[in-house]
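Peer 1: Contents of model-v2.pdb (PDB, C-alpha atoms, pLDDT in the B column) are below:
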ATOM      1  CA  MET A   1      89.795 141.500  76.691  1.00 43.00           C
ATOM      2  CA  GLU A   2      87.437 138.623  76.031  1.00 46.00           C
ATOM      3  CA  GLN A   3      90.236 136.702  74.334  1.00 45.00           C
ATOM      4  CA  LEU A   4      92.264 136.703  77.589  1.00 47.00           C
ATOM      5  CA  GLN A   5      89.533 135.010  79.625  1.00 50.00           C
ATOM      6  CA  ILE A   6      90.370 131.460  80.666  1.00 47.00           C
ATOM      7  CA  ASP A   7      88.249 128.745  79.131  1.00 49.00           C
ATOM      8  CA  GLU A   8      86.699 127.396  82.334  1.00 49.00           C
ATOM      9  CA  SER A   9      85.142 124.316  80.745  1.00 49.00           C
ATOM     10  CA  ASN A  10      88.481 123.286  79.270  1.00 50.00           C
ATOM     11  CA  SER A  11      90.480 123.983  82.420  1.00 46.00           C
ATOM     12  CA  GLN A  12      88.248 122.309  84.975  1.00 46.00           C
ATOM     13  CA  PHE A  13      86.902 119.243  83.232  1.00 55.00           C
ATOM     14  CA  ASP A  14      89.864 117.810  81.364  1.00 70.00           C
ATOM     15  CA  LEU A  15      89.849 114.340  82.901  1.00 80.00           C
ATOM     16  CA  ARG A  16      93.229 113.443  81.472  1.00 80.00           C
ATOM     17  CA  LEU A  17      94.896 116.353  83.245  1.00 77.00           C
ATOM     18  CA  ILE A  18      93.082 115.565  86.485  1.00 81.00           C
ATOM     19  CA  LEU A  19      94.168 111.929  86.354  1.00 85.00           C
ATOM     20  CA  TRP A  20      97.732 112.920  85.532  1.00 85.00           C
ATOM     21  CA  PHE A  21      97.731 115.343  88.446  1.00 83.00           C
ATOM     22  CA  LEU A  22      96.479 112.640  90.821  1.00 86.00           C
ATOM     23  CA  LEU A  23      99.013 110.110  89.510  1.00 88.00           C
ATOM     24  CA  ARG A  24     101.822 112.519  90.354  1.00 88.00           C
ATOM     25  CA  TYR A  25     100.788 112.250  93.993  1.00 89.00           C
ATOM     26  CA  ILE A  26      99.658 108.620  94.008  1.00 90.00           C
ATOM     27  CA  TRP A  27     102.285 107.852  96.648  1.00 91.00           C
ATOM     28  CA  VAL A  28     100.488 110.250  99.004  1.00 90.00           C
ATOM     29  CA  VAL A  29      97.180 108.424  98.463  1.00 90.00           C
ATOM     30  CA  VAL A  30      98.758 104.985  98.959  1.00 92.00           C
ATOM     31  CA  PHE A  31     100.597 106.103 102.093  1.00 93.00           C
ATOM     32  CA  ALA A  32      97.427 107.635 103.555  1.00 91.00           C
ATOM     33  CA  ALA A  33      95.428 104.472 102.759  1.00 91.00           C
ATOM     34  CA  VAL A  34      97.990 102.232 104.460  1.00 92.00           C
ATOM     35  CA  LEU A  35      98.142 104.567 107.446  1.00 92.00           C
ATOM     36  CA  GLY A  36      94.340 104.636 107.664  1.00 90.00           C
ATOM     37  CA  GLY A  37      94.184 100.828 107.571  1.00 88.00           C
ATOM     38  CA  ILE A  38      96.756 100.576 110.373  1.00 89.00           C
ATOM     39  CA  CYS A  39      94.801 103.112 112.424  1.00 89.00           C
ATOM     40  CA  GLY A  40      91.654 101.035 111.860  1.00 85.00           C
ATOM     41  CA  LEU A  41      93.401  97.925 113.186  1.00 82.00           C
ATOM     42  CA  ILE A  42      94.740  99.799 116.212  1.00 83.00           C
ATOM     43  CA  PHE A  43      91.295 101.285 116.895  1.00 81.00           C
ATOM     44  CA  THR A  44      89.714  97.818 116.743  1.00 75.00           C
ATOM     45  CA  LYS A  45      92.328  96.372 119.077  1.00 75.00           C
ATOM     46  CA  VAL A  46      92.344  99.159 121.656  1.00 76.00           C
ATOM     47  CA  MET A  47      88.986 100.928 121.577  1.00 75.00           C
ATOM     48  CA  THR A  48      86.360  98.333 120.619  1.00 72.00           C
ATOM     49  CA  GLU A  49      85.038  95.541 122.790  1.00 76.00           C
ATOM     50  CA  PRO A  50      86.184  92.120 121.526  1.00 79.00           C
ATOM     51  CA  MET A  51      83.504  90.020 119.842  1.00 82.00           C
ATOM     52  CA  TYR A  52      83.558  86.227 119.652  1.00 86.00           C
ATOM     53  CA  THR A  53      81.662  83.915 117.309  1.00 88.00           C
ATOM     54  CA  SER A  54      80.584  80.351 118.016  1.00 89.00           C
ATOM     55  CA  ALA A  55      78.915  78.196 115.380  1.00 89.00           C
ATOM     56  CA  THR A  56      77.047  74.912 115.145  1.00 89.00           C
ATOM     57  CA  LYS A  57      75.946  73.053 112.021  1.00 87.00           C
ATOM     58  CA  LEU A  58      72.663  71.227 111.372  1.00 83.00           C
ATOM     59  CA  TYR A  59      71.453  68.807 108.732  1.00 79.00           C
ATOM     60  CA  ILE A  60      67.721  69.038 108.076  1.00 71.00           C
ATOM     61  CA  LEU A  61      65.547  66.881 105.832  1.00 65.00           C
ATOM     62  CA  GLU A  62      61.968  65.746 105.531  1.00 58.00           C
ATOM     63  CA  SER A  63      61.490  62.515 107.481  1.00 55.00           C
ATOM     64  CA  SER A  64      58.889  59.850 106.998  1.00 50.00           C
ATOM     65  CA  ASP A  65      57.417  57.743 109.790  1.00 44.00           C
ATOM     66  CA  SER A  66      56.698  54.857 107.440  1.00 42.00           C
ATOM     67  CA  ASP A  67      60.235  54.472 106.114  1.00 48.00           C
ATOM     68  CA  SER A  68      63.466  55.068 107.977  1.00 49.00           C
ATOM     69  CA  SER A  69      65.553  55.258 104.794  1.00 50.00           C
ATOM     70  CA  VAL A  70      66.295  58.578 103.130  1.00 48.00           C
ATOM     71  CA  THR A  71      64.954  58.980  99.615  1.00 50.00           C
ATOM     72  CA  SER A  72      65.951  61.410  96.893  1.00 52.00           C
ATOM     73  CA  SER A  73      62.607  63.201  97.208  1.00 51.00           C
ATOM     74  CA  GLN A  74      63.263  63.816 100.899  1.00 50.00           C
ATOM     75  CA  LEU A  75      66.693  65.248 100.097  1.00 50.00           C
ATOM     76  CA  SER A  76      65.192  67.458  97.412  1.00 53.00           C
ATOM     77  CA  MET A  77      62.412  68.635  99.711  1.00 51.00           C
ATOM     78  CA  GLY A  78      64.881  69.418 102.495  1.00 51.00           C
ATOM     79  CA  SER A  79      66.975  71.507 100.135  1.00 56.00           C
ATOM     80  CA  ALA A  80      63.930  73.404  98.851  1.00 61.00           C
ATOM     81  CA  LEU A  81      62.755  74.235 102.376  1.00 68.00           C
ATOM     82  CA  ALA A  82      66.164  75.328 103.690  1.00 71.00           C
ATOM     83  CA  SER A  83      65.269  79.020 103.532  1.00 76.00           C
ATOM     84  CA  ASP A  84      62.103  78.312 105.535  1.00 77.00           C
ATOM     85  CA  TYR A  85      64.173  76.558 108.183  1.00 78.00           C
ATOM     86  CA  ALA A  86      66.522  79.543 108.358  1.00 81.00           C
ATOM     87  CA  GLU A  87      63.569  81.865 108.943  1.00 84.00           C
ATOM     88  CA  LEU A  88      62.274  79.648 111.733  1.00 84.00           C
ATOM     89  CA  ILE A  89      65.671  79.609 113.458  1.00 86.00           C
ATOM     90  CA  THR A  90      65.632  83.399 113.817  1.00 86.00           C
ATOM     91  CA  ASP A  91      61.943  83.460 114.754  1.00 86.00           C
ATOM     92  CA  ARG A  92      60.974  85.623 117.717  1.00 88.00           C
ATOM     93  CA  GLU A  93      59.485  82.627 119.502  1.00 89.00           C
ATOM     94  CA  VAL A  94      62.859  80.852 119.366  1.00 89.00           C
ATOM     95  CA  ALA A  95      64.657  83.941 120.688  1.00 90.00           C
ATOM     96  CA  GLU A  96      62.250  84.340 123.586  1.00 90.00           C
ATOM     97  CA  SER A  97      62.564  80.660 124.508  1.00 91.00           C
ATOM     98  CA  VAL A  98      66.377  80.923 124.501  1.00 92.00           C
ATOM     99  CA  ILE A  99      66.269  84.053 126.675  1.00 91.00           C
ATOM    100  CA  SER A 100      63.936  82.346 129.130  1.00 90.00           C
ATOM    101  CA  GLU A 101      65.999  79.143 129.269  1.00 90.00           C
ATOM    102  CA  LEU A 102      69.352  80.883 129.794  1.00 90.00           C
ATOM    103  CA  GLY A 103      67.991  83.717 131.943  1.00 89.00           C
ATOM    104  CA  LEU A 104      69.428  86.401 129.669  1.00 87.00           C
ATOM    105  CA  SER A 105      68.756  90.089 130.151  1.00 86.00           C
ATOM    106  CA  TYR A 106      68.584  90.562 126.371  1.00 82.00           C
ATOM    107  CA  SER A 107      65.592  91.642 124.378  1.00 88.00           C
ATOM    108  CA  ALA A 108      64.448  89.319 121.608  1.00 88.00           C
ATOM    109  CA  GLU A 109      65.571  91.825 118.996  1.00 89.00           C
ATOM    110  CA  LYS A 110      69.087  92.048 120.430  1.00 88.00           C
ATOM    111  CA  LEU A 111      69.466  88.281 120.569  1.00 89.00           C
ATOM    112  CA  ILE A 112      68.227  87.891 117.000  1.00 89.00           C
ATOM    113  CA  SER A 113      70.799  90.494 115.890  1.00 88.00           C
ATOM    114  CA  GLU A 114      73.545  88.291 117.360  1.00 87.00           C
ATOM    115  CA  ILE A 115      72.372  85.220 115.442  1.00 88.00           C
ATOM    116  CA  SER A 116      73.287  84.600 111.821  1.00 88.00           C
ATOM    117  CA  VAL A 117      72.122  81.656 109.724  1.00 87.00           C
ATOM    118  CA  GLU A 118      73.987  80.452 106.642  1.00 86.00           C
ATOM    119  CA  ILE A 119      72.702  77.841 104.200  1.00 82.00           C
ATOM    120  CA  SER A 120      75.324  75.790 102.367  1.00 77.00           C
ATOM    121  CA  SER A 121      75.506  76.669  98.689  1.00 67.00           C
ATOM    122  CA  ASP A 122      76.335  73.092  97.625  1.00 65.00           C
ATOM    123  CA  SER A 123      73.424  70.981  98.807  1.00 59.00           C
ATOM    124  CA  GLY A 124      71.272  73.528 100.617  1.00 59.00           C
ATOM    125  CA  ARG A 125      70.578  71.036 103.409  1.00 70.00           C
ATOM    126  CA  PHE A 126      73.359  72.061 105.785  1.00 81.00           C
ATOM    127  CA  ILE A 127      72.566  75.077 107.960  1.00 85.00           C
ATOM    128  CA  THR A 128      75.179  76.834 110.087  1.00 88.00           C
ATOM    129  CA  ILE A 129      73.999  78.801 113.109  1.00 89.00           C
ATOM    130  CA  SER A 130      76.502  81.410 114.329  1.00 90.00           C
ATOM    131  CA  VAL A 131      76.229  83.539 117.458  1.00 90.00           C
ATOM    132  CA  THR A 132      78.452  86.571 118.095  1.00 88.00           C
ATOM    133  CA  ASP A 133      78.800  87.966 121.600  1.00 86.00           C
ATOM    134  CA  THR A 134      81.315  89.751 123.820  1.00 84.00           C
ATOM    135  CA  ASP A 135      81.541  86.646 126.053  1.00 87.00           C
ATOM    136  CA  PRO A 136      82.976  83.590 124.241  1.00 88.00           C
ATOM    137  CA  TYR A 137      81.438  81.136 126.741  1.00 91.00           C
ATOM    138  CA  LEU A 138      78.027  82.760 126.451  1.00 91.00           C
ATOM    139  CA  ALA A 139      78.280  82.776 122.645  1.00 90.00           C
ATOM    140  CA  CYS A 140      78.858  79.003 122.698  1.00 91.00           C
ATOM    141  CA  LYS A 141      76.007  78.424 125.157  1.00 92.00           C
ATOM    142  CA  ILE A 142      73.594  80.570 123.135  1.00 92.00           C
ATOM    143  CA  ALA A 143      74.529  78.794 119.901  1.00 91.00           C
ATOM    144  CA  MET A 144      73.807  75.359 121.407  1.00 91.00           C
ATOM    145  CA  THR A 145      70.552  76.529 123.003  1.00 91.00           C
ATOM    146  CA  VAL A 146      69.367  78.191 119.780  1.00 91.00           C
ATOM    147  CA  ARG A 147      70.143  74.957 117.947  1.00 88.00           C
ATOM    148  CA  ASP A 148      68.129  72.801 120.363  1.00 88.00           C
ATOM    149  CA  VAL A 149      65.179  75.196 120.632  1.00 90.00           C
ATOM    150  CA  ALA A 150      65.125  75.802 116.870  1.00 87.00           C
ATOM    151  CA  ALA A 151      65.221  72.051 116.150  1.00 84.00           C
ATOM    152  CA  GLU A 152      62.146  71.521 118.304  1.00 85.00           C
ATOM    153  CA  HIS A 153      60.434  74.571 116.795  1.00 84.00           C
ATOM    154  CA  ILE A 154      61.139  73.387 113.240  1.00 81.00           C
ATOM    155  CA  SER A 155      59.793  69.910 114.023  1.00 79.00           C
ATOM    156  CA  ASP A 156      56.609  71.380 115.491  1.00 80.00           C
ATOM    157  CA  VAL A 157      55.986  73.824 112.655  1.00 79.00           C
ATOM    158  CA  MET A 158      57.028  71.619 109.719  1.00 72.00           C
ATOM    159  CA  ASN A 159      55.456  68.551 111.400  1.00 70.00           C
ATOM    160  CA  SER A 160      57.851  66.067 109.773  1.00 56.00           C
ATOM    161  CA  ALA A 161      61.261  67.730 109.613  1.00 59.00           C
ATOM    162  CA  ALA A 162      64.193  65.747 111.059  1.00 65.00           C
ATOM    163  CA  VAL A 163      66.987  67.891 112.515  1.00 71.00           C
ATOM    164  CA  ASN A 164      70.410  66.297 113.009  1.00 75.00           C
ATOM    165  CA  VAL A 165      73.453  67.921 114.596  1.00 77.00           C
ATOM    166  CA  VAL A 166      76.490  67.738 112.327  1.00 77.00           C
ATOM    167  CA  GLU A 167      78.884  69.953 114.253  1.00 79.00           C
ATOM    168  CA  GLU A 168      78.774  70.986 117.893  1.00 82.00           C
ATOM    169  CA  ALA A 169      79.383  74.570 118.953  1.00 83.00           C
ATOM    170  CA  THR A 170      82.789  75.246 120.519  1.00 83.00           C
ATOM    171  CA  ILE A 171      84.089  78.032 122.722  1.00 83.00           C
ATOM    172  CA  PRO A 172      85.853  80.560 120.433  1.00 83.00           C
ATOM    173  CA  THR A 173      89.441  81.377 121.374  1.00 75.00           C
ATOM    174  CA  GLY A 174      90.021  84.329 119.072  1.00 72.00           C
ATOM    175  CA  GLN A 175      88.252  87.579 118.336  1.00 69.00           C
ATOM    176  CA  ALA A 176      85.941  87.675 115.329  1.00 66.00           C
ATOM    177  CA  VAL A 177      88.096  88.405 112.279  1.00 61.00           C
ATOM    178  CA  TYR A 178      85.419  90.404 110.455  1.00 62.00           C
ATOM    179  CA  GLN A 179      85.812  93.266 112.952  1.00 68.00           C
ATOM    180  CA  TYR A 180      89.456  93.753 111.990  1.00 73.00           C
ATOM    181  CA  GLN A 181      88.682  93.452 108.284  1.00 78.00           C
ATOM    182  CA  ARG A 182      85.763  95.875 108.399  1.00 80.00           C
ATOM    183  CA  ASN A 183      87.499  98.581 110.425  1.00 82.00           C
ATOM    184  CA  SER A 184      90.780  98.308 108.520  1.00 86.00           C
ATOM    185  CA  LEU A 185      88.927  98.649 105.206  1.00 88.00           C
ATOM    186  CA  ILE A 186      87.003 101.650 106.518  1.00 90.00           C
ATOM    187  CA  GLY A 187      90.260 103.232 107.707  1.00 89.00           C
ATOM    188  CA  ALA A 188      92.018 102.536 104.408  1.00 90.00           C
ATOM    189  CA  GLY A 189      89.093 103.926 102.417  1.00 90.00           C
ATOM    190  CA  ALA A 190      88.938 107.095 104.496  1.00 90.00           C
ATOM    191  CA  GLY A 191      92.713 107.437 104.291  1.00 89.00           C
ATOM    192  CA  ALA A 192      92.568 107.296 100.488  1.00 90.00           C
ATOM    193  CA  VAL A 193      89.521 109.544 100.015  1.00 92.00           C
ATOM    194  CA  ILE A 194      90.770 112.421 102.179  1.00 92.00           C
ATOM    195  CA  PRO A 195      94.022 113.132 100.249  1.00 90.00           C
ATOM    196  CA  ILE A 196      92.219 112.672  96.920  1.00 91.00           C
ATOM    197  CA  ALA A 197      89.640 115.269  97.966  1.00 92.00           C
ATOM    198  CA  ILE A 198      92.392 117.666  99.075  1.00 91.00           C
ATOM    199  CA  LEU A 199      94.327 117.172  95.834  1.00 88.00           C
ATOM    200  CA  LEU A 200      91.218 117.799  93.740  1.00 88.00           C
ATOM    201  CA  LEU A 201      90.489 120.949  95.732  1.00 89.00           C
ATOM    202  CA  ILE A 202      94.035 122.198  95.130  1.00 86.00           C
ATOM    203  CA  TYR A 203      93.735 121.376  91.423  1.00 82.00           C
ATOM    204  CA  PHE A 204      90.461 123.227  90.882  1.00 80.00           C
ATOM    205  CA  LEU A 205      91.486 126.261  92.932  1.00 81.00           C
ATOM    206  CA  ASN A 206      94.808 126.617  91.118  1.00 74.00           C
ATOM    207  CA  ASP A 207      94.313 128.963  88.130  1.00 70.00           C
ATOM    208  CA  THR A 208      98.005 129.782  87.679  1.00 72.00           C
ATOM    209  CA  VAL A 209      99.426 129.634  84.149  1.00 67.00           C
ATOM    210  CA  ASN A 210     102.770 127.908  84.602  1.00 66.00           C
ATOM    211  CA  THR A 211     103.840 126.777  81.135  1.00 69.00           C
ATOM    212  CA  ALA A 212     103.443 127.766  77.511  1.00 69.00           C
ATOM    213  CA  ASP A 213     101.094 124.838  77.071  1.00 69.00           C
ATOM    214  CA  ASP A 214      98.893 126.234  79.832  1.00 67.00           C
ATOM    215  CA  ALA A 215      98.730 129.592  78.051  1.00 67.00           C
ATOM    216  CA  GLU A 216      97.704 127.980  74.777  1.00 67.00           C
ATOM    217  CA  ARG A 217      95.200 125.675  76.471  1.00 67.00           C
ATOM    218  CA  TYR A 218      93.505 128.136  78.804  1.00 65.00           C
ATOM    219  CA  LEU A 219      93.984 131.555  77.163  1.00 66.00           C
ATOM    220  CA  LYS A 220      93.671 130.352  73.574  1.00 67.00           C
ATOM    221  CA  LEU A 221      96.792 132.356  72.665  1.00 67.00           C
ATOM    222  CA  THR A 222      99.734 131.303  70.547  1.00 72.00           C
ATOM    223  CA  VAL A 223     103.073 131.533  72.394  1.00 67.00           C
ATOM    224  CA  LEU A 224     105.717 133.107  70.178  1.00 66.00           C
ATOM    225  CA  GLY A 225     108.598 132.742  72.626  1.00 68.00           C
ATOM    226  CA  THR A 226     109.643 132.626  76.249  1.00 68.00           C
ATOM    227  CA  ILE A 227     111.922 134.938  78.243  1.00 69.00           C
ATOM    228  CA  PRO A 228     113.864 133.474  81.179  1.00 67.00           C
ATOM    229  CA  ILE A 229     113.584 135.294  84.502  1.00 65.00           C
ATOM    230  CA  GLN A 230     116.914 136.657  85.703  1.00 60.00           C
ATOM    231  CA  GLN A 231     117.551 135.844  89.345  1.00 58.00           C
ATOM    232  CA  GLU A 232     119.613 137.794  91.815  1.00 58.00           C
ATOM    233  CA  ALA A 233     123.244 136.849  92.328  1.00 51.00           C
ATOM    234  CA  ASP A 234     123.873 134.317  95.046  1.00 54.00           C
ATOM    235  CA  ASP A 235     126.548 134.523  97.712  1.00 55.00           C
ATOM    236  CA  ASP A 236     129.253 133.321  95.321  1.00 56.00           C
ATOM    237  CA  GLY A 237     128.462 136.069  92.842  1.00 53.00           C
ATOM    238  CA  ALA A 238     126.959 133.714  90.257  1.00 51.00           C
ATOM    239  CA  TRP A 239     123.789 134.707  88.393  1.00 50.00           C
ATOM    240  CA  GLY A 240     121.006 132.278  87.695  1.00 49.00           C
ATOM    241  CA  TYR A 241     118.364 132.246  84.959  1.00 48.00           C
TER
END
Show me the file's structure as structure tokens.
Peer 2:
Amino acid sequence: MEQLQIDESNSQFDLRLILWFLLRYIWVVVFAAVLGGICGLIFTKVMTEPMYTSATKLYILESSDSDSSVTSSQLSMGSALASDYAELITDREVAESVISELGLSYSAEKLISEISVEISSDSGRFITISVTDTDPYLACKIAMTVRDVAAEHISDVMNSAAVNVVEEATIPTGQAVYQYQRNSLIGAGAGAVIPIAILLLIYFLNDTVNTADDAERYLKLTVLGTIPIQQEADDDGAWGY
């Protein structure tokens, strides 16, 4: 009787068989992923509140009162201190000043969460301030106010930093693209994971021996021959095997 027991380790953990089983139904996974991505886009369009992003760009370097020309050391110093400038832009003092100036009902933490600061990877001296809000006009106004307040704050703290506006903030006309990308990717990922999980569950719960190869693999028995199953006659009187 022990010889007829299925080898569980061989039947459940053969990765090649599992992959082959999943590949047979890959079209189901792809279809579910595409459907999930479409549902994510529809959900973003219909159910979520539109978000708009306005951005302004600054150029910051170390200035010198004695010389109006820009030296290489000033450029190098400005690049090295770019991360410090970015921290000062999202400082709580800046957020509170912006809230007070615009009369916002936000908390400082909420306003800071709407502000993102990006340092250019090329020179490190260009800093982009982006503000994301449900109101495109307010997003533009906040971005400009954060820029002005942060420029004054940086000059006060760093004592000699010169802040120059490279690009003005504009009123965004379209919804932030990242929302569509994020939700569509989440939908596609969920759409792919669910059928894979169901297929794996079906695979591991199925202990049926269907072929001679299954008998040799799982039961460790040599198949000497196979006998076809005789089927009942159909309506035309023909017999099938």
Peer 1: Please, what distance in Å, to one decimal, runs between atom CA of Leu199 of chain A and atom CA of Ala32 of chain A?
Peer 2: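 Spanning atom CA of Leu199 of chain A to atom CA of Ala32 of chain A is a straight-line distance of 12.7 Å.
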Peer 1: I want to know what sits within 8 Å of Ala86 of chain A, based on all atoms listed in the file, with residues of the same chain fewer than 5 positions away left out; could you give that as a list in words?
Peer 2: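 Those residues are Val117, Glu118, Ile119 and Ile127 of chain A.
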Peer 1: Care to translate the PyMOL selection byres ((chain A and resi 132) around 9) into actual residues of this file, as a PyMOL selection string?
Peer 2: chain A and resi 51-55+113-116+130-131+133-136+139-140+143+176
Peer 1: Expand the PyMOL selection byres ((chain A and resi 15-23) around 8) into the explicit residue set it covers here, and present it as a list of chain:residue names.
Peer 2: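 That selection, the PyMOL selection byres ((chain A and resi 15-23) around 8), comes back as A:Phe13, A:Asp14, A:Arg24, A:Tyr25, A:Ile26, A:Ile196, A:Leu199, A:Leu200, A:Tyr203.
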Peer 1: Can you work out which one of A:Ala192, A:Thr208, A:Tyr180, A:Ile154 has the shortest atom-to-atom distance to Lys45 of chain A, counting all atoms listed in the file?
Peer 2: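 Among the listed residues, A:Tyr180 lies closest to Lys45 of chain A.
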Peer 1: Taking into account all atoms listed in the file, which residue in the set A:Ala190, A:Val98, A:Val163, A:Ile89 is nearest to Leu138 of chain A?
Peer 2: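 Of A:Ala190, A:Val98, A:Val163, A:Ile89, the one nearest Leu138 of chain A is A:Val98, counting all atoms listed in the file.
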Peer 1: Return the single residue from A:Glu96, A:Gly37, A:Val30, A:Met47 that is closest to Val149 of chain A, with distances computed using only C-alpha atoms.
Peer 2: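 Comparing A:Glu96, A:Gly37, A:Val30, A:Met47 against Val149 of chain A, the winner is A:Glu96.
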Peer 1: Please indicate the distance in Å from atom CA of Tyr59 of chain A to atom CA of Gly103 of chain A, rounded to one decimal place.
Peer 2: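 Going from atom CA of Tyr59 of chain A over to atom CA of Gly103 of chain A covers 27.8 Å.
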Peer 1: Of the residues A:Thr44, A:Ser83, A:Gln181, A:Ser97, which is the one nearest to Arg147 of chain A, using all atoms listed in the file?
Peer 2: A:Ser97
Peer 1: With distances taken over all atoms listed in the file, which residue among A:Leu58, A:Val29, A:Leu102, A:Ile129 lies nearest Thr90 of chain A?
Peer 2: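 Once distances to Thr90 of chain A are computed over all atoms listed in the file, the minimum belongs to A:Ile129.
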Peer 1: Just so the selection is clear, what residues does the PyMOL selection byres ((chain A and resi 43) around 12) cover here, as a list of chain:residue names?
Peer 2: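 Selection result, ordered by chain and number: A:Gly36, A:Gly37, A:Ile38, A:Cys39, A:Gly40, A:Leu41, A:Ile42, A:Thr44, A:Lys45, A:Val46, A:Met47, A:Thr48, A:Glu49, A:Pro50, A:Gln179, A:Tyr180, A:Gln181, A:Arg182, A:Asn183, A:Ser184, A:Ile186, A:Gly187.
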Peer 1: Considering all atoms listed in the file, can you say which of A:Thr222, A:Ser100, A:Asn159, A:Asn206 comes closest to Thr145 of chain A?
Peer 2: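 Of the candidates, the smallest distance to Thr145 of chain A is held by A:Ser100.
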Peer 1: So how many Å separate atom CA of Tyr137 of chain A and atom CA of Thr170 of chain A, to one decimal?
Peer 2: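 Taking atom CA of Tyr137 of chain A and atom CA of Thr170 of chain A, their separation equals 8.7 Å.
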Peer 1: Can you list, as a PyMOL selection string, every protein, DNA or RNA residue that comes within 7 Å of Ala95 of chain A when you count all atoms listed in the file, leaving out same-chain residues fewer than 5 positions away?
Peer 2: chain A and resi 90+108+111-112
Peer 1: Please report, as lines of an AutoDock Vina configuration file, the centre and edge lengths in Å to one decimal of an axis-aligned box covering all listed atoms of segment 192-201 of chain A with 6 Å per side.
Peer 2:
center_x = 91.9
center_y = 114.1
center_z = 98.0
size_x = 16.8
size_y = 25.7
size_z = 20.4
